[in-house]
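Q: TSV, C-alpha atoms, file entry_28.tsv:
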```
chain	number	residue	atom	x	y	z
A	1	MET	CA	89.82	-21.36	-45.42
A	2	TRP	CA	87.98	-23.98	-47.46
A	3	ASP	CA	86.91	-24.39	-51.10
A	4	ALA	CA	83.11	-24.32	-51.01
A	5	THR	CA	82.87	-26.28	-54.28
A	6	THR	CA	85.20	-29.19	-53.52
A	7	GLY	CA	85.29	-29.09	-49.72
A	8	ALA	CA	89.10	-29.09	-49.82
A	9	LYS	CA	91.08	-27.09	-47.29
A	10	LEU	CA	93.05	-24.29	-48.93
A	11	MET	CA	96.70	-23.97	-48.00
A	12	GLY	CA	98.97	-20.94	-48.16
A	13	THR	CA	96.08	-18.51	-47.71
A	14	GLY	CA	98.01	-16.16	-45.44
A	15	ILE	CA	95.68	-16.76	-42.52
A	16	ASP	CA	96.64	-20.34	-41.69
A	17	ASP	CA	98.08	-19.27	-38.35
A	18	LEU	CA	95.36	-16.77	-37.42
A	19	VAL	CA	92.21	-17.42	-35.43
A	20	LEU	CA	89.46	-15.26	-36.92
A	21	ASN	CA	86.24	-14.83	-34.96
A	22	MET	CA	83.21	-14.30	-37.23
A	23	PRO	CA	85.06	-13.38	-40.46
A	24	ALA	CA	82.97	-11.48	-43.01
A	25	PHE	CA	83.82	-10.70	-46.65
A	26	SER	CA	82.95	-7.45	-48.38
A	27	SER	CA	80.72	-8.11	-51.38
A	28	ASP	CA	83.39	-6.70	-53.72
A	29	GLY	CA	85.71	-9.48	-52.49
A	30	ARG	CA	88.51	-7.14	-51.45
A	31	LYS	CA	88.27	-7.12	-47.64
A	32	ILE	CA	87.71	-9.48	-44.73
A	33	ALA	CA	86.62	-8.09	-41.37
A	34	TYR	CA	86.91	-10.19	-38.23
A	35	VAL	CA	87.44	-10.10	-34.49
A	36	ASP	CA	90.89	-11.17	-33.31
A	37	HIS	CA	90.44	-14.23	-31.11
A	38	ALA	CA	93.36	-13.30	-28.84
A	39	ASN	CA	92.69	-9.65	-28.02
A	40	LEU	CA	89.06	-9.23	-29.24
A	41	SER	CA	89.97	-6.24	-31.43
A	42	LEU	CA	88.14	-5.53	-34.68
A	43	MET	CA	90.50	-6.29	-37.57
A	44	ALA	CA	90.56	-6.14	-41.38
A	45	LEU	CA	92.51	-8.01	-44.06
A	46	ASP	CA	93.12	-7.38	-47.74
A	47	TYR	CA	91.78	-10.29	-49.79
A	48	ASP	CA	92.86	-11.49	-53.24
A	49	ALA	CA	89.90	-13.43	-54.64
A	50	VAL	CA	91.88	-14.70	-57.66
A	51	ASN	CA	94.70	-16.25	-55.66
A	52	ARG	CA	92.50	-16.82	-52.61
A	53	THR	CA	94.97	-15.24	-50.22
A	54	ALA	CA	94.63	-12.71	-47.41
A	55	ALA	CA	97.28	-10.30	-46.16
A	56	ASN	CA	98.03	-7.11	-44.26
A	57	PRO	CA	96.04	-7.45	-41.04
A	58	VAL	CA	95.11	-4.02	-39.66
A	59	LYS	CA	93.62	-3.27	-36.26
A	60	LEU	CA	90.57	-1.05	-36.68
A	61	VAL	CA	89.18	-0.74	-33.16
A	62	ASP	CA	90.22	-1.98	-29.72
A	63	PRO	CA	87.64	-3.41	-27.32
A	64	GLY	CA	88.29	-0.48	-24.98
A	65	ALA	CA	88.12	-0.09	-21.22
A	66	ASP	CA	84.38	0.60	-20.87
A	67	PRO	CA	83.04	-2.61	-19.27
A	68	THR	CA	79.61	-2.04	-20.84
A	69	LEU	CA	81.03	-1.89	-24.38
A	70	ASN	CA	84.21	-4.01	-24.32
A	71	GLY	CA	82.87	-6.74	-26.57
A	72	ILE	CA	82.80	-6.50	-30.39
A	73	ILE	CA	80.99	-9.08	-32.49
A	74	PHE	CA	79.12	-9.76	-35.75
A	75	PRO	CA	81.12	-7.53	-38.15
A	76	SER	CA	79.76	-6.87	-41.64
A	77	VAL	CA	81.49	-4.89	-44.40
A	78	THR	CA	79.98	-2.27	-46.71
A	79	PRO	CA	79.80	-3.29	-50.39
A	80	ASP	CA	82.72	-1.00	-51.26
A	81	GLY	CA	84.90	-2.43	-48.47
A	82	ARG	CA	85.34	0.93	-46.70
A	83	TYR	CA	83.40	0.49	-43.44
A	84	VAL	CA	82.45	-2.20	-40.96
A	85	ILE	CA	79.27	-2.34	-38.91
A	86	TYR	CA	79.11	-4.45	-35.73
A	87	HIS	CA	77.52	-4.58	-32.34
A	88	ARG	CA	79.16	-3.73	-29.03
A	89	GLY	CA	78.18	-4.72	-25.52
A	90	ALA	CA	79.55	-6.00	-22.23
A	91	TYR	CA	81.84	-8.98	-22.81
A	92	PRO	CA	80.96	-11.84	-22.68
A	93	ALA	CA	77.24	-11.12	-22.08
A	94	MET	CA	76.89	-9.57	-25.54
A	95	LEU	CA	77.61	-12.97	-27.09
A	96	ASP	CA	74.11	-14.00	-25.99
A	97	THR	CA	71.40	-12.02	-27.79
A	98	ARG	CA	68.78	-13.34	-25.37
A	99	ASN	CA	70.01	-11.35	-22.39
A	100	GLY	CA	73.06	-9.24	-23.19
A	101	THR	CA	72.40	-5.62	-24.15
A	102	SER	CA	74.11	-4.26	-27.25
A	103	ASP	CA	74.21	-1.39	-29.76
A	104	MET	CA	75.54	-0.83	-33.27
A	105	PHE	CA	78.73	0.98	-34.26
A	106	LEU	CA	80.52	1.76	-37.53
A	107	ALA	CA	84.31	1.70	-38.04
A	108	SER	CA	86.41	2.94	-40.94
A	109	ILE	CA	88.75	0.52	-42.71
A	110	GLU	CA	90.54	3.39	-44.45
A	111	GLN	CA	91.13	5.25	-41.18
A	112	PRO	CA	91.87	2.74	-38.41
A	113	GLY	CA	90.87	3.95	-34.98
A	114	VAL	CA	87.83	5.87	-36.23
A	115	GLU	CA	84.45	4.53	-35.11
A	116	VAL	CA	81.07	6.14	-34.56
A	117	ARG	CA	78.10	5.07	-32.51
A	118	LEU	CA	75.02	4.69	-34.72
A	119	ARG	CA	72.78	6.68	-32.42
A	120	ALA	CA	69.86	7.12	-34.82
A	121	GLY	CA	69.85	3.48	-35.87
A	122	ASN	CA	70.11	2.33	-32.27
A	123	GLY	CA	67.34	4.70	-31.20
A	124	ASP	CA	69.56	6.23	-28.50
A	125	ASP	CA	67.66	9.53	-28.51
A	126	HIS	CA	64.35	8.34	-29.93
A	127	PRO	CA	61.27	9.07	-27.78
A	128	PHE	CA	60.11	5.47	-27.63
A	129	TYR	CA	56.59	5.07	-26.27
A	130	ALA	CA	57.97	2.26	-24.09
A	131	GLY	CA	60.85	4.49	-22.96
A	132	ASP	CA	64.12	2.92	-21.88
A	133	ARG	CA	62.63	-0.56	-22.21
A	134	ASP	CA	63.37	-0.24	-25.97
A	135	ARG	CA	67.01	0.81	-25.73
A	136	HIS	CA	70.18	-1.28	-26.13
A	137	TRP	CA	68.62	-4.37	-27.72
A	138	ASN	CA	70.30	-4.13	-31.15
A	139	TYR	CA	72.23	-7.08	-32.56
A	140	GLU	CA	73.81	-8.79	-35.57
A	141	PRO	CA	73.80	-6.03	-38.23
A	142	THR	CA	74.41	-7.24	-41.80
A	143	PHE	CA	74.94	-5.04	-44.85
A	144	ALA	CA	73.12	-5.59	-48.13
A	145	PRO	CA	75.55	-6.66	-50.91
A	146	ARG	CA	75.19	-3.34	-52.72
A	147	SER	CA	74.30	0.25	-51.91
A	148	SER	CA	71.20	2.03	-53.15
A	149	GLY	CA	70.01	5.63	-53.18
A	150	GLY	CA	73.21	6.93	-51.60
A	151	TYR	CA	72.90	4.61	-48.61
A	152	ASN	CA	74.28	1.34	-47.36
A	153	TRP	CA	71.46	-0.75	-45.93
A	154	ALA	CA	71.81	-3.04	-42.93
A	155	VAL	CA	69.33	-5.49	-41.46
A	156	PHE	CA	69.64	-6.17	-37.74
A	157	THR	CA	67.82	-7.94	-34.95
A	158	SER	CA	66.16	-5.92	-32.19
A	159	ARG	CA	64.07	-6.66	-29.13
A	160	ARG	CA	62.45	-3.19	-29.18
A	161	THR	CA	58.68	-2.77	-29.37
A	162	PHE	CA	56.78	-1.28	-32.32
A	163	GLY	CA	53.64	0.68	-31.45
A	164	ASN	CA	50.81	-1.70	-30.68
A	165	LYS	CA	52.11	-4.17	-33.31
A	166	LEU	CA	54.92	-5.51	-31.16
A	167	GLU	CA	54.39	-5.33	-27.44
A	168	GLY	CA	55.71	-7.07	-24.35
A	169	GLY	CA	59.06	-7.66	-22.68
A	170	LYS	CA	62.33	-8.48	-24.40
A	171	ASP	CA	61.63	-12.21	-24.24
A	172	ALA	CA	58.41	-11.72	-26.23
A	173	VAL	CA	59.84	-9.47	-28.97
A	174	LYS	CA	62.68	-10.24	-31.39
A	175	GLN	CA	62.26	-9.01	-34.95
A	176	LEU	CA	64.25	-7.79	-37.96
A	177	TRP	CA	64.73	-4.07	-38.53
A	178	VAL	CA	66.49	-2.14	-41.32
A	179	VAL	CA	68.71	0.91	-41.00
A	180	ALA	CA	70.03	3.21	-43.74
A	181	ILE	CA	73.60	4.46	-43.37
A	182	ASP	CA	75.06	7.24	-45.51
A	183	GLU	CA	77.29	5.80	-48.21
A	184	ASN	CA	79.81	8.60	-47.62
A	185	PRO	CA	79.81	9.38	-43.89
A	186	GLN	CA	80.98	12.82	-42.78
A	187	PRO	CA	83.66	13.01	-40.06
A	188	GLY	CA	82.18	13.23	-36.58
A	189	VAL	CA	78.59	12.88	-37.81
A	190	ASP	CA	76.31	9.92	-37.15
A	191	PRO	CA	75.67	8.50	-40.66
A	192	SER	CA	72.72	6.34	-39.58
A	193	HIS	CA	69.01	7.11	-39.85
A	194	PRO	CA	66.03	5.97	-37.74
A	195	ALA	CA	65.47	2.26	-38.26
A	196	PHE	CA	62.21	0.77	-39.49
A	197	TRP	CA	60.56	-2.52	-38.71
A	198	LEU	CA	60.65	-4.96	-41.63
A	199	HIS	CA	57.04	-5.65	-42.60
A	200	GLY	CA	55.85	-9.15	-43.45
A	201	GLN	CA	57.26	-10.84	-40.36
A	202	ASP	CA	55.26	-13.13	-38.12
A	203	VAL	CA	54.92	-11.07	-34.95
A	204	ASN	CA	54.41	-14.25	-32.94
A	205	THR	CA	57.91	-15.56	-33.66
A	206	LEU	CA	61.34	-14.57	-32.37
A	207	ASN	CA	63.30	-14.02	-35.56
A	208	MET	CA	67.03	-14.60	-35.90
A	209	ARG	CA	69.76	-12.88	-37.89
A	210	GLY	CA	68.77	-11.57	-41.32
A	211	PHE	CA	70.74	-11.95	-44.57
A	212	TRP	CA	70.31	-10.37	-48.00
A	213	VAL	CA	70.02	-12.08	-51.40
A	214	HIS	CA	69.61	-10.86	-54.97
A	215	LYS	CA	66.49	-11.69	-56.94
A	216	ASN	CA	66.87	-14.67	-59.27
A	217	ASP	CA	66.83	-12.38	-62.31
A	218	ASP	CA	69.06	-9.73	-60.74
A	219	PRO	CA	72.65	-9.81	-62.08
A	220	GLY	CA	73.83	-7.84	-59.08
A	221	GLY	CA	75.34	-5.02	-61.14
```
For this file, write the structure as structure tokens.

A:
Amino acid sequence: MWDATTGAKLMGTGIDDLVLNMPAFSSDGRKIAYVDHANLSLMALDYDAVNRTAANPVKLVDPGADPTLNGIIFPSVTPDGRYVIYHRGAYPAMLDTRNGTSDMFLASIEQPGVEVRLRAGNGDDHPFYAGDRDRHWNYEPTFAPRSSGGYNWAVFTSRRTFGNKLEGGKDAVKQLWVVAIDENPQPGVDPSHPAFWLHGQDVNTLNMRGFWVHKNDDPGG
């Protein structure tokens, strides 16, 4: 861990001996989600922002035995630090968003071992005009830093088509989409909702991972 202001390496952080793949902080500063470099499990740490220390690593989800879903990557934590969104696919193909197929899942930090496939957000059962061509191209979900309207909002990258606005094969389409996820998921119920294409994008470009920012005059309360 490093001090972003001074560039100095921080010592005694509690994670000096850990190798964290793609660590992500919750916006409330209380949790860090990451993928364990050794066993590729999804993990979470408690974080003390005052003392800048992390502790209590907890395994949330194992990679699993399904060879089509045994890779976990790009975790992002809800603003309240209760859930983690990420994408799953076949390891190591899912590391490459150009060719590896992938879909989004949600895991509970408060109840390790509980995860749910975000079927609505992925479009698993959606009657896409392009059919199966539009399935399993969902990557890099990232939560907004605060909830709104009873939902947590995540932006993600997808290679799906969009009516006659986005057409062509996967190599011609890569845009940002947004999915709403219930702020208080119910056990055993998919908390996601059908995703929508983020308007204002250049349809002739292949966009990368999206991130959220507050307005300049927004205190973030």

Q: Find, counting only C-alpha atoms, the residue in A:Trp153, A:Gly131, A:Arg119, A:Thr97 that gets nearest to Lys174 (chain A).

A: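 Of all the options, A:Thr97 lies closest to Lys174 (chain A).
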
Q: For a quick check of understanding, using all atoms listed in the file, which of A:Asp124, A:Asp202, A:Asp48, A:Asp17 has the smallest distance to Lys165 (chain A)?

A: A:Asp202

Q: For the atom pair CA of Ile73 (chain A) and CA of Gly89 (chain A), what is the interatomic distance in Å to one decimal place?

A: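 Distance between the two atoms: 8.7 Å.
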
Q: Find, counting all atoms listed in the file, the residue in A:Pro63, A:Pro92, A:Gly113, A:Pro75 that gets nearest to Tyr139 (chain A).

A: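 When distances to Tyr139 (chain A) are compared using all atoms listed in the file, the smallest one comes from A:Pro75.
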
Q: Grab the CA of Phe156 (chain A) to CA of Arg135 (chain A) distance for me, in Å with one decimal place.

A: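 So the two atoms, CA of Phe156 (chain A) and CA of Arg135 (chain A), lie 14.1 Å apart.
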
Q: May I ask which of the residues A:Pro145, A:Pro57, A:Gly81, A:Gly29 is the closest one to Ala107 (chain A), counting all atoms listed in the file?

A: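 Looking only at the distances to Ala107 (chain A), the closest residue turns out to be A:Gly81.
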
Q: List as a ChimeraX atom specification the protein and nucleic acid residues near Gln175 (chain A), meaning an atom at most 10 Å away when only C-alpha atoms are counted, but skip any in the same chain fewer than 2 places from it.

A: /A:156-162,166,172-173,177,197-199,201-210
